Protein chains: 2
Amino acid sequence: MRSTGRKGNMDIQYIHGYDHSENIRLQDQASTLVDLLHSDTSYPAGSHVLEVGCGVGAQTITLAGNSPGAHITSIDISEISVAAAKEKIKEAGFTNVNFQQGDIFQLRFAPESFDHIFVCFVLEHLSQPVEAFCCLNRLIKVGGTITVIEGDHGSTYFYPDSEAAYKAIQCQVVLQRRAGCNANIGRELYPILNQVGFCSIHVSPRMVYVDSSKPSLVEGFTKNTFTAMIKGVRESSIEAGLIDAKTFDDGINGLYRTTETDGVFCYTFFKAVANKK
Amino acid sequence: MRSTGRKGNMDIQYIHGYDHSENIRLQDQASTLVDLLHSDTSYPAGSHVLEVGCGVGAQTITLAGNSPGAHITSIDISEISVAAAKEKIKEAGFTNVNFQQGDIFQLRFAPESFDHIFVCFVLEHLSQPVEAFCCLNRLIKVGGTITVIEGDHGSTYFYPDSEAAYKAIQCQVVLQRRAGCNANIGRELYPILNQVGFCSIHVSPRMVYVDSSKPSLVEGFTKNTFTAMIKGVRESSIEAGLIDAKTFDDGINGLYRTTETDGVFCYTFFKAVANKK
């Protein structure tokens, strides 16, 4: 699930802060971001939950911790990621997660195998999100739920303004699009779930607002998550002829400029919960 | 306070829904928008509160209702607006509000006359917001608070995407700017209050997320508040050479397109509360 278009994506590790012992001071605020996205997801004891696209287990840790009595199955298309996630969960001492390698379009579970499905930062990497969710829909018991969390790069704005920064961000969006992916997928959760046939769809935006009164978010989110992600597409954007080096670097400087005392940075994640009909 | 640059601004009446008996079905949801912006503002009995830029009293009603024991003084630069606000409050049966005509830069109150100041949808119309807040700062008792609520047109995004819609919105932003105003002021609340010298500044974004599961917001906010506001600058935008008629009309159609079953519309207000040092 996470094998395409991942270059220059957000390293959400920073949001979680689990493996950044060098950066302890970020962790309090980092926990707040985990709360922002995950605190309202907890599955009942005994329920069967499928996590789709677990990657190296960044979200799995939170999922397992918030639903200690649930039986969680976490899958990813990458064997290597699955192995890393397995190790991470073992180290954390959780025993309620089983891992499997699997392709979202060819999962070998029987229909209605799960009470709930959880999908976080996966949809943006899929060229056929509706088709993928149709596959997942079959695996959920009637009345069960699907939970989806995605970012939306087009939700980004800041102060002071910087045309170059918007252009640099747009490079990431275009590169994602050329890889068949969608960096602005967050706002589309409702129409996608509606089209697949889910009911009782509830979407809630989770906005990350950062000003200089929140130094942990300035460092942990604006600089080390978002700007780091955009910096990650510098070479490929220039090579692809999307932007010239000076404009891109001006854009990165523009993003850093928003982390000064009078700067503000805004980004919104979207979370959807819907029921299987 | 509200005498400049008001053409094509949001008619926040729709959000309040107090004078829309023809549109009762909107009111439940409309109340939610009032809650979104106002529910956490309530002043103690006996406290002296100054509402700056009350206009025709749209916010005054909520303020008076949420703080029944407070002594509220509401001012506006327009005598006509003040008269309308007075009538509205009288009809609503509130007795805790006094009205005065006054210019924010030349208010005749003694220093430290008020425990709290409330400013809603005013800052965007001022060409010198920092100077205005310096004037207000002097009127607050030490340890008192200022509360500011503003929109931010640059926070607008939607699905499906429409380049023409962004261009039409940008016309409103440019016209505001030419009138010395700032339609994207919401994101700047922290830096402005910080520059003026307020302390303990807390800014919280209040995002309005609209999809077709929220028909009241589709009608009351996306169509009748936001799109109506943008439509209001059609002639002046074309006359000013900012856009051609076809692109503008395509933009309006693009905004209406977001109100269909698969559409999504996002807008963010910002609310700041800060203390006088």
# chains A, B, ... in the order shown; residues from 1 in each chain; ligands from 1

call {"tool": "interface_residues", "arguments": {"of": "chain A", "to": "chain B", "cutoff": "12 Å", "atoms": "only C-alpha atoms", "output": "short mmCIF file (atom, residue, chain, number, x, y, z; two decimals) with N, CA and C atoms, in the first residue's frame"}}
result
data_model
loop_
_atom_site.label_atom_id
_atom_site.label_comp_id
_atom_site.auth_asym_id
_atom_site.auth_seq_id
_atom_site.Cartn_x
_atom_site.Cartn_y
_atom_site.Cartn_z
N ASP A 152 -3.95 16.68 3.66
CA ASP A 152 -4.38 17.41 2.46
C ASP A 152 -3.41 18.58 2.29
N HIS A 153 -2.49 18.44 1.33
CA HIS A 153 -1.46 19.48 1.18
C HIS A 153 -2.05 20.80 0.71
N GLY A 154 -3.18 20.74 0.04
CA GLY A 154 -3.84 21.97 -0.42
C GLY A 154 -4.49 22.74 0.71
N SER A 155 -4.48 22.17 1.90
CA SER A 155 -5.02 22.86 3.08
C SER A 155 -3.97 23.75 3.74
N THR A 156 -2.78 23.77 3.16
CA THR A 156 -1.67 24.49 3.77
C THR A 156 -1.75 25.99 3.48
N TYR A 157 -1.67 26.81 4.52
CA TYR A 157 -1.46 28.25 4.34
C TYR A 157 -0.73 28.79 5.55
N PHE A 158 -0.24 29.99 5.44
CA PHE A 158 0.71 30.45 6.45
C PHE A 158 0.86 31.96 6.41
N TYR A 159 1.57 32.48 7.38
CA TYR A 159 1.92 33.89 7.44
C TYR A 159 3.37 34.01 7.89
N PRO A 160 4.22 34.84 7.31
CA PRO A 160 3.91 35.69 6.15
C PRO A 160 3.73 34.86 4.88
N ASP A 161 3.04 35.47 3.94
CA ASP A 161 2.75 34.80 2.68
C ASP A 161 4.04 34.59 1.89
N ASN A 184 -3.88 15.84 -2.14
CA ASN A 184 -4.99 16.64 -1.60
C ASN A 184 -6.22 15.77 -1.32
N ILE A 185 -5.97 14.51 -0.95
CA ILE A 185 -7.06 13.54 -0.83
C ILE A 185 -7.95 13.80 0.39
N GLY A 186 -7.41 14.48 1.42
CA GLY A 186 -8.16 14.64 2.67
C GLY A 186 -9.57 15.16 2.47
N ARG A 187 -9.71 16.21 1.67
CA ARG A 187 -11.03 16.82 1.47
C ARG A 187 -11.98 15.89 0.70
N GLU A 188 -11.43 14.83 0.10
CA GLU A 188 -12.27 13.96 -0.74
C GLU A 188 -12.80 12.73 0.01
N LEU A 189 -12.53 12.64 1.30
CA LEU A 189 -12.94 11.42 2.00
C LEU A 189 -14.45 11.19 1.91
N TYR A 190 -15.22 12.26 2.10
CA TYR A 190 -16.67 12.07 2.06
C TYR A 190 -17.14 11.57 0.69
N PRO A 191 -16.79 12.28 -0.41
CA PRO A 191 -17.26 11.77 -1.70
C PRO A 191 -16.78 10.35 -2.01
N ILE A 192 -15.57 10.00 -1.63
CA ILE A 192 -15.07 8.66 -1.94
C ILE A 192 -15.86 7.60 -1.17
N LEU A 193 -16.02 7.80 0.12
CA LEU A 193 -16.74 6.81 0.94
C LEU A 193 -18.20 6.72 0.50
N ASN A 194 -18.76 7.85 0.11
CA ASN A 194 -20.14 7.90 -0.37
C ASN A 194 -20.28 7.10 -1.66
N GLN A 195 -19.31 7.28 -2.55
CA GLN A 195 -19.35 6.59 -3.84
C GLN A 195 -19.21 5.08 -3.66
N VAL A 196 -18.41 4.66 -2.68
CA VAL A 196 -18.21 3.23 -2.44
C VAL A 196 -19.48 2.60 -1.87
N CYS A 199 -22.35 4.16 4.62
CA CYS A 199 -23.41 5.04 5.12
C CYS A 199 -22.97 5.69 6.44
N SER A 200 -23.77 6.60 6.91
CA SER A 200 -23.47 7.35 8.15
C SER A 200 -22.03 7.87 8.15
N ILE A 201 -21.65 8.46 7.04
CA ILE A 201 -20.27 8.96 6.90
C ILE A 201 -20.13 10.25 7.70
N HIS A 202 -19.17 10.26 8.59
CA HIS A 202 -18.90 11.49 9.36
C HIS A 202 -17.44 11.89 9.17
N VAL A 203 -17.22 13.05 8.58
CA VAL A 203 -15.86 13.53 8.37
C VAL A 203 -15.59 14.68 9.32
N SER A 204 -14.46 14.65 10.00
CA SER A 204 -14.08 15.78 10.84
C SER A 204 -12.67 16.23 10.52
N PRO A 205 -12.53 17.53 10.22
CA PRO A 205 -11.18 18.05 9.97
C PRO A 205 -10.40 18.13 11.28
N ARG A 206 -9.11 17.89 11.19
CA ARG A 206 -8.22 18.00 12.36
C ARG A 206 -7.11 18.97 11.98
N MET A 207 -7.33 20.22 12.31
CA MET A 207 -6.41 21.26 11.86
C MET A 207 -5.24 21.42 12.83
N VAL A 208 -4.06 21.46 12.26
CA VAL A 208 -2.86 21.76 13.04
C VAL A 208 -2.54 23.24 12.84
N TYR A 209 -2.73 24.02 13.90
CA TYR A 209 -2.44 25.46 13.86
C TYR A 209 -1.17 25.71 14.67
N VAL A 210 -0.20 26.36 14.04
CA VAL A 210 1.09 26.54 14.69
C VAL A 210 1.47 28.02 14.71
N ASP A 211 1.63 28.58 15.90
CA ASP A 211 2.28 29.89 16.02
C ASP A 211 3.42 29.78 17.02
N SER A 212 4.13 30.86 17.25
CA SER A 212 5.37 30.75 18.03
C SER A 212 5.13 30.51 19.51
N SER A 213 3.86 30.52 19.93
CA SER A 213 3.58 30.13 21.32
C SER A 213 3.60 28.62 21.47
N LYS A 214 3.78 27.91 20.36
CA LYS A 214 3.81 26.44 20.37
C LYS A 214 5.12 25.93 19.79
N THR A 258 7.96 31.13 8.30
CA THR A 258 6.72 31.04 9.08
C THR A 258 6.97 30.51 10.49
N THR A 259 8.20 30.05 10.74
CA THR A 259 8.50 29.51 12.08
C THR A 259 9.14 30.57 12.98
N GLU A 260 9.26 31.79 12.48
CA GLU A 260 9.80 32.86 13.34
C GLU A 260 8.70 33.38 14.28
N THR A 261 9.09 34.33 15.13
CA THR A 261 8.18 34.78 16.21
C THR A 261 6.83 35.24 15.70
N ASP A 262 6.82 35.91 14.54
CA ASP A 262 5.55 36.44 14.04
C ASP A 262 4.92 35.54 12.97
N GLY A 263 5.40 34.31 12.86
CA GLY A 263 4.90 33.42 11.82
C GLY A 263 3.77 32.52 12.28
N VAL A 264 2.98 32.07 11.31
CA VAL A 264 1.87 31.15 11.57
C VAL A 264 1.83 30.12 10.45
N PHE A 265 1.53 28.87 10.80
CA PHE A 265 1.46 27.80 9.81
C PHE A 265 0.23 26.94 10.08
N CYS A 266 -0.52 26.64 9.03
CA CYS A 266 -1.77 25.86 9.17
C CYS A 266 -1.79 24.68 8.20
N TYR A 267 -2.21 23.55 8.71
CA TYR A 267 -2.35 22.33 7.89
C TYR A 267 -3.51 21.52 8.46
N THR A 268 -4.27 20.88 7.58
CA THR A 268 -5.42 20.12 8.08
C THR A 268 -5.41 18.66 7.63
N PHE A 269 -5.54 17.77 8.61
CA PHE A 269 -5.80 16.36 8.36
C PHE A 269 -7.32 16.15 8.40
N PHE A 270 -7.78 15.13 7.72
CA PHE A 270 -9.21 14.80 7.75
C PHE A 270 -9.38 13.37 8.25
N LYS A 271 -10.36 13.19 9.10
CA LYS A 271 -10.66 11.86 9.62
C LYS A 271 -12.11 11.53 9.30
N ALA A 272 -12.34 10.36 8.71
CA ALA A 272 -13.70 9.93 8.39
C ALA A 272 -14.00 8.62 9.09
#

call {"tool": "closest_atom_pairs", "arguments": {"of": "stretch 113-206 of chain B", "to": "stretch 52-64 of chain B", "cutoff": "7 Å", "atoms": "only C-alpha atoms", "output": "CSV"}}
result
residue,atom,partner,partner_atom,distance
B:Phe118,CA,B:Val52,CA,6.3
B:Val119,CA,B:Val52,CA,5.3
B:Val122,CA,B:Gly53,CA,6.0

call {"tool": "residues_around", "arguments": {"residues": "stretch 65-72 of chain A", "least_positions_apart": "4", "cutoff": "6 Å", "atoms": "only C-alpha atoms", "output": "PDB file with N, CA and C atoms, in the first residue's frame"}}
result
ATOM      1  N   SER A  42     -11.083   3.892  19.376  1.00  0.00           N
ATOM      2  CA  SER A  42     -10.831   2.812  20.327  1.00  0.00           C
ATOM      3  C   SER A  42     -11.834   1.708  20.031  1.00  0.00           C
ATOM      4  N   TYR A  43     -11.328   0.508  19.799  1.00  0.00           N
ATOM      5  CA  TYR A  43     -12.212  -0.599  19.422  1.00  0.00           C
ATOM      6  C   TYR A  43     -12.484  -1.498  20.614  1.00  0.00           C
ATOM      7  N   ALA A  45     -13.137  -4.595  23.217  1.00  0.00           N
ATOM      8  CA  ALA A  45     -12.463  -5.876  23.478  1.00  0.00           C
ATOM      9  C   ALA A  45     -13.155  -6.970  22.682  1.00  0.00           C
ATOM     10  N   GLY A  46     -12.379  -7.824  22.077  1.00  0.00           N
ATOM     11  CA  GLY A  46     -12.936  -8.943  21.332  1.00  0.00           C
ATOM     12  C   GLY A  46     -13.233  -8.640  19.875  1.00  0.00           C
ATOM     13  N   SER A  47     -13.228  -7.357  19.504  1.00  0.00           N
ATOM     14  CA  SER A  47     -13.544  -7.037  18.104  1.00  0.00           C
ATOM     15  C   SER A  47     -12.344  -7.328  17.205  1.00  0.00           C
ATOM     16  N   HIS A  48     -12.641  -7.608  15.945  1.00  0.00           N
ATOM     17  CA  HIS A  48     -11.593  -7.914  14.981  1.00  0.00           C
ATOM     18  C   HIS A  48     -11.368  -6.706  14.081  1.00  0.00           C
ATOM     19  N   VAL A  49     -10.140  -6.209  14.101  1.00  0.00           N
ATOM     20  CA  VAL A  49      -9.813  -4.959  13.417  1.00  0.00           C
ATOM     21  C   VAL A  49      -8.722  -5.210  12.375  1.00  0.00           C
ATOM     22  N   LEU A  50      -8.920  -4.689  11.180  1.00  0.00           N
ATOM     23  CA  LEU A  50      -7.891  -4.759  10.143  1.00  0.00           C
ATOM     24  C   LEU A  50      -7.269  -3.382   9.951  1.00  0.00           C
ATOM     25  N   ASN A  96      -1.415  -7.799  20.936  1.00  0.00           N
ATOM     26  CA  ASN A  96      -2.741  -7.890  20.295  1.00  0.00           C
ATOM     27  C   ASN A  96      -2.713  -7.602  18.793  1.00  0.00           C
ATOM     28  N   VAL A  97      -1.539  -7.699  18.175  1.00  0.00           N
ATOM     29  CA  VAL A  97      -1.447  -7.412  16.738  1.00  0.00           C
ATOM     30  C   VAL A  97      -0.810  -8.571  15.987  1.00  0.00           C
TER      31      VAL A  97
END

call {"tool": "select_by_dssp", "arguments": {"residues": "stretch 75-169 of chain B", "states": "alpha helix (DSSP H)", "output": "JSON, numbers by chain"}}
result
{"B": [79, 80, 81, 82, 83, 84, 85, 86, 87, 88, 89, 90, 91, 92, 129, 130, 131, 132, 133, 134, 135, 136, 137, 138, 139, 163, 164, 165, 166, 167, 168, 169]}

call {"tool": "write_last_selection", "arguments": {"atoms": "N, CA, C and O atoms", "output": "compact mmCIF listing (two decimals), in the first residue's frame"}}
result
# COMPACT_ATOMS: atom_id res chain seq x y z
N GLU B 79 -23.65 55.68 12.80
CA GLU B 79 -24.85 56.02 13.59
C GLU B 79 -26.02 55.13 13.19
O GLU B 79 -26.79 54.66 14.04
N ILE B 80 -26.14 54.90 11.87
CA ILE B 80 -27.27 54.12 11.35
C ILE B 80 -27.20 52.68 11.86
O ILE B 80 -28.19 52.11 12.31
N SER B 81 -25.99 52.10 11.83
CA SER B 81 -25.83 50.74 12.34
C SER B 81 -26.15 50.68 13.82
O SER B 81 -26.84 49.75 14.29
N VAL B 82 -25.65 51.65 14.56
CA VAL B 82 -25.90 51.67 16.01
C VAL B 82 -27.41 51.71 16.29
O VAL B 82 -27.90 50.97 17.16
N ALA B 83 -28.13 52.53 15.52
CA ALA B 83 -29.59 52.62 15.71
C ALA B 83 -30.25 51.27 15.44
O ALA B 83 -31.13 50.82 16.19
N ALA B 84 -29.79 50.59 14.37
CA ALA B 84 -30.36 49.29 14.02
C ALA B 84 -30.04 48.25 15.10
O ALA B 84 -30.89 47.43 15.47
N ALA B 85 -28.81 48.29 15.61
CA ALA B 85 -28.40 47.34 16.64
C ALA B 85 -29.23 47.55 17.92
O ALA B 85 -29.68 46.58 18.54
N LYS B 86 -29.42 48.80 18.26
CA LYS B 86 -30.20 49.16 19.44
C LYS B 86 -31.61 48.57 19.35
O LYS B 86 -32.12 47.96 20.30
N GLU B 87 -32.21 48.74 18.19
CA GLU B 87 -33.57 48.24 17.94
C GLU B 87 -33.60 46.71 18.06
O GLU B 87 -34.49 46.13 18.69
N LYS B 88 -32.60 46.07 17.47
CA LYS B 88 -32.53 44.60 17.46
C LYS B 88 -32.45 44.06 18.90
O LYS B 88 -33.12 43.10 19.27
N ILE B 89 -31.59 44.69 19.69
CA ILE B 89 -31.38 44.24 21.07
C ILE B 89 -32.63 44.48 21.91
O ILE B 89 -33.00 43.66 22.75
N LYS B 90 -33.28 45.60 21.65
CA LYS B 90 -34.51 45.93 22.38
C LYS B 90 -35.59 44.89 22.07
O LYS B 90 -36.24 44.36 22.97
N GLU B 91 -35.74 44.59 20.78
CA GLU B 91 -36.72 43.58 20.36
C GLU B 91 -36.44 42.23 20.99
O GLU B 91 -37.36 41.49 21.33
N ALA B 92 -35.16 41.93 21.15
CA ALA B 92 -34.79 40.64 21.73
C ALA B 92 -34.98 40.63 23.25
O ALA B 92 -34.87 39.59 23.90
N PRO B 129 -4.56 47.76 11.72
CA PRO B 129 -5.05 46.92 12.83
C PRO B 129 -4.18 47.02 14.09
O PRO B 129 -4.71 47.01 15.20
N VAL B 130 -2.88 47.11 13.91
CA VAL B 130 -2.00 47.18 15.09
C VAL B 130 -2.27 48.46 15.87
O VAL B 130 -2.43 48.44 17.10
N GLU B 131 -2.38 49.58 15.14
CA GLU B 131 -2.65 50.86 15.79
C GLU B 131 -4.01 50.82 16.49
O GLU B 131 -4.17 51.34 17.61
N ALA B 132 -5.00 50.20 15.83
CA ALA B 132 -6.33 50.12 16.42
C ALA B 132 -6.27 49.35 17.74
O ALA B 132 -6.87 49.75 18.76
N PHE B 133 -5.55 48.25 17.74
CA PHE B 133 -5.45 47.44 18.95
C PHE B 133 -4.65 48.14 20.05
O PHE B 133 -4.88 47.89 21.23
N CYS B 134 -3.71 48.97 19.66
CA CYS B 134 -3.00 49.78 20.67
C CYS B 134 -3.99 50.69 21.38
O CYS B 134 -3.95 50.84 22.61
N CYS B 135 -4.89 51.30 20.60
CA CYS B 135 -5.93 52.15 21.20
C CYS B 135 -6.80 51.34 22.15
O CYS B 135 -7.10 51.77 23.28
N LEU B 136 -7.21 50.17 21.71
CA LEU B 136 -8.09 49.33 22.55
C LEU B 136 -7.36 48.86 23.81
O LEU B 136 -7.93 48.79 24.89
N ASN B 137 -6.09 48.51 23.63
CA ASN B 137 -5.28 48.00 24.76
C ASN B 137 -5.33 48.96 25.95
O ASN B 137 -5.44 48.53 27.10
N ARG B 138 -5.29 50.24 25.66
CA ARG B 138 -5.30 51.24 26.74
C ARG B 138 -6.60 51.23 27.54
O ARG B 138 -6.62 51.65 28.70
N LEU B 139 -7.67 50.76 26.92
CA LEU B 139 -8.98 50.80 27.57
C LEU B 139 -9.23 49.61 28.50
O LEU B 139 -10.20 49.58 29.25
N GLU B 163 -10.17 26.25 -10.64
CA GLU B 163 -9.22 27.36 -10.74
C GLU B 163 -9.98 28.68 -10.83
O GLU B 163 -9.61 29.69 -10.20
N ALA B 164 -11.09 28.68 -11.57
CA ALA B 164 -11.89 29.91 -11.73
C ALA B 164 -12.47 30.35 -10.39
O ALA B 164 -12.54 31.56 -10.10
N ALA B 165 -12.88 29.40 -9.56
CA ALA B 165 -13.43 29.77 -8.25
C ALA B 165 -12.37 30.46 -7.40
O ALA B 165 -12.64 31.47 -6.74
N TYR B 166 -11.14 29.93 -7.42
CA TYR B 166 -10.07 30.58 -6.66
C TYR B 166 -9.82 32.00 -7.19
O TYR B 166 -9.57 32.93 -6.42
N LYS B 167 -9.90 32.14 -8.51
CA LYS B 167 -9.69 33.48 -9.10
C LYS B 167 -10.79 34.44 -8.66
O LYS B 167 -10.52 35.62 -8.38
N ALA B 168 -12.03 33.98 -8.63
CA ALA B 168 -13.14 34.84 -8.21
C ALA B 168 -12.96 35.25 -6.74
O ALA B 168 -13.16 36.41 -6.38
N ILE B 169 -12.58 34.28 -5.90
CA ILE B 169 -12.34 34.60 -4.48
C ILE B 169 -11.22 35.62 -4.36
O ILE B 169 -11.29 36.57 -3.58

call {"tool": "select_by_dssp", "arguments": {"residues": "stretch 93-234 of chain A", "states": "strand (DSSP E or B)", "output": "JSON list (two decimals) with N, CA and C atoms, in the first residue's frame"}}
result
[["chain", "number", "residue", "atom", "x", "y", "z"],
["A", 97, "VAL", "N", -1.54, -7.70, 18.17],
["A", 97, "VAL", "CA", -1.45, -7.41, 16.74],
["A", 97, "VAL", "C", -0.81, -8.57, 15.99],
["A", 98, "ASN", "N", -1.44, -9.01, 14.91],
["A", 98, "ASN", "CA", -0.85, -9.95, 13.97],
["A", 98, "ASN", "C", -0.50, -9.21, 12.69],
["A", 99, "PHE", "N", 0.64, -9.54, 12.12],
["A", 99, "PHE", "CA", 1.07, -8.87, 10.90],
["A", 99, "PHE", "C", 1.04, -9.83, 9.72],
["A", 100, "GLN", "N", 0.69, -9.31, 8.56],
["A", 100, "GLN", "CA", 0.74, -10.08, 7.32],
["A", 100, "GLN", "C", 1.15, -9.17, 6.18],
["A", 101, "GLN", "N", 1.91, -9.73, 5.24],
["A", 101, "GLN", "CA", 2.13, -8.99, 4.00],
["A", 101, "GLN", "C", 0.89, -9.19, 3.14],
["A", 114, "PHE", "N", -14.02, -8.83, 9.35],
["A", 114, "PHE", "CA", -13.64, -7.85, 10.35],
["A", 114, "PHE", "C", -14.81, -6.99, 10.82],
["A", 115, "ASP", "N", -14.74, -6.62, 12.10],
["A", 115, "ASP", "CA", -15.73, -5.68, 12.62],
["A", 115, "ASP", "C", -15.40, -4.25, 12.17],
["A", 116, "HIS", "N", -14.11, -3.97, 12.10],
["A", 116, "HIS", "CA", -13.70, -2.60, 11.81],
["A", 116, "HIS", "C", -12.43, -2.60, 10.94],
["A", 117, "ILE", "N", -12.33, -1.59, 10.09],
["A", 117, "ILE", "CA", -11.10, -1.40, 9.31],
["A", 117, "ILE", "C", -10.55, 0.00, 9.58],
["A", 118, "PHE", "N", -9.24, 0.08, 9.68],
["A", 118, "PHE", "CA", -8.56, 1.34, 9.99],
["A", 118, "PHE", "C", -7.52, 1.61, 8.90],
["A", 119, "VAL", "N", -7.59, 2.81, 8.32],
["A", 119, "VAL", "CA", -6.72, 3.16, 7.19],
["A", 119, "VAL", "C", -6.16, 4.56, 7.43],
["A", 120, "CYS", "N", -4.86, 4.67, 7.58],
["A", 120, "CYS", "CA", -4.27, 5.97, 7.94],
["A", 120, "CYS", "C", -3.08, 6.29, 7.03],
["A", 140, "ILE", "N", -15.74, -6.06, 5.67],
["A", 140, "ILE", "CA", -16.34, -5.57, 6.91],
["A", 140, "ILE", "C", -17.70, -6.23, 7.13],
["A", 141, "LYS", "N", -17.98, -6.60, 8.38],
["A", 141, "LYS", "CA", -19.30, -7.12, 8.72],
["A", 141, "LYS", "C", -20.34, -6.00, 8.58],
["A", 142, "VAL", "N", -21.56, -6.35, 8.25],
["A", 142, "VAL", "CA", -22.63, -5.34, 8.16],
["A", 142, "VAL", "C", -22.74, -4.61, 9.49],
["A", 143, "GLY", "N", -22.79, -3.29, 9.42],
["A", 143, "GLY", "CA", -22.84, -2.49, 10.65],
["A", 143, "GLY", "C", -21.48, -2.16, 11.22],
["A", 144, "GLY", "N", -20.44, -2.79, 10.67],
["A", 144, "GLY", "CA", -19.08, -2.47, 11.10],
["A", 144, "GLY", "C", -18.65, -1.11, 10.56],
["A", 145, "THR", "N", -17.46, -0.70, 10.95],
["A", 145, "THR", "CA", -17.02, 0.65, 10.56],
["A", 145, "THR", "C", -15.70, 0.65, 9.79],
["A", 146, "ILE", "N", -15.53, 1.71, 9.02],
["A", 146, "ILE", "CA", -14.22, 2.00, 8.45],
["A", 146, "ILE", "C", -13.81, 3.39, 8.95],
["A", 147, "THR", "N", -12.54, 3.51, 9.35],
["A", 147, "THR", "CA", -11.99, 4.79, 9.80],
["A", 147, "THR", "C", -10.83, 5.14, 8.87],
["A", 148, "VAL", "N", -10.84, 6.36, 8.37],
["A", 148, "VAL", "CA", -9.81, 6.79, 7.41],
["A", 148, "VAL", "C", -9.23, 8.12, 7.86],
["A", 149, "ILE", "N", -7.91, 8.22, 7.90],
["A", 149, "ILE", "CA", -7.24, 9.48, 8.22],
["A", 149, "ILE", "C", -6.28, 9.83, 7.08],
["A", 150, "GLU", "N", -6.42, 11.03, 6.55],
["A", 150, "GLU", "CA", -5.53, 11.47, 5.47],
["A", 150, "GLU", "C", -5.18, 12.94, 5.64],
["A", 157, "TYR", "N", -1.67, 26.81, 4.52],
["A", 157, "TYR", "CA", -1.46, 28.25, 4.34],
["A", 157, "TYR", "C", -0.73, 28.79, 5.55],
["A", 158, "PHE", "N", -0.24, 29.99, 5.44],
["A", 158, "PHE", "CA", 0.71, 30.45, 6.45],
["A", 158, "PHE", "C", 0.86, 31.96, 6.41],
["A", 159, "TYR", "N", 1.57, 32.48, 7.38],
["A", 159, "TYR", "CA", 1.92, 33.89, 7.44],
["A", 159, "TYR", "C", 3.37, 34.01, 7.89],
["A", 199, "CYS", "N", -22.35, 4.16, 4.62],
["A", 199, "CYS", "CA", -23.41, 5.04, 5.12],
["A", 199, "CYS", "C", -22.97, 5.69, 6.44],
["A", 200, "SER", "N", -23.77, 6.60, 6.91],
["A", 200, "SER", "CA", -23.47, 7.35, 8.15],
["A", 200, "SER", "C", -22.03, 7.87, 8.15],
["A", 201, "ILE", "N", -21.65, 8.46, 7.04],
["A", 201, "ILE", "CA", -20.27, 8.96, 6.90],
["A", 201, "ILE", "C", -20.13, 10.25, 7.70],
["A", 202, "HIS", "N", -19.17, 10.26, 8.59],
["A", 202, "HIS", "CA", -18.90, 11.49, 9.36],
["A", 202, "HIS", "C", -17.44, 11.89, 9.17],
["A", 203, "VAL", "N", -17.22, 13.05, 8.58],
["A", 203, "VAL", "CA", -15.86, 13.53, 8.37],
["A", 203, "VAL", "C", -15.59, 14.68, 9.32],
["A", 204, "SER", "N", -14.46, 14.65, 10.00],
["A", 204, "SER", "CA", -14.08, 15.78, 10.84],
["A", 204, "SER", "C", -12.67, 16.23, 10.52],
["A", 205, "PRO", "N", -12.53, 17.53, 10.22],
["A", 205, "PRO", "CA", -11.18, 18.05, 9.97],
["A", 205, "PRO", "C", -10.40, 18.13, 11.28],
["A", 206, "ARG", "N", -9.11, 17.89, 11.19],
["A", 206, "ARG", "CA", -8.22, 18.00, 12.36],
["A", 206, "ARG", "C", -7.11, 18.97, 11.98],
["A", 207, "MET", "N", -7.33, 20.22, 12.31],
["A", 207, "MET", "CA", -6.41, 21.26, 11.86],
["A", 207, "MET", "C", -5.24, 21.42, 12.83],
["A", 208, "VAL", "N", -4.06, 21.46, 12.26],
["A", 208, "VAL", "CA", -2.86, 21.76, 13.04],
["A", 208, "VAL", "C", -2.54, 23.24, 12.84],
["A", 209, "TYR", "N", -2.73, 24.02, 13.90],
["A", 209, "TYR", "CA", -2.44, 25.46, 13.86],
["A", 209, "TYR", "C", -1.17, 25.71, 14.67],
["A", 210, "VAL", "N", -0.20, 26.36, 14.04],
["A", 210, "VAL", "CA", 1.09, 26.54, 14.69],
["A", 210, "VAL", "C", 1.47, 28.02, 14.71],
["A", 211, "ASP", "N", 1.63, 28.58, 15.90],
["A", 211, "ASP", "CA", 2.28, 29.89, 16.02],
["A", 211, "ASP", "C", 3.42, 29.78, 17.02]]

call {"tool": "atom_distance", "arguments": {"atom1": "atom CA of B:Ile104", "atom2": "atom CA of B:Lys276"}}
result
17.6 Å

call {"tool": "residues_around", "arguments": {"residues": "A:Leu242", "least_positions_apart": "4", "cutoff": "12 Å", "atoms": "only C-alpha atoms", "output": "VMD selection string"}}
result
chain A and resid 167 to 175 178 233 to 238 247 to 248
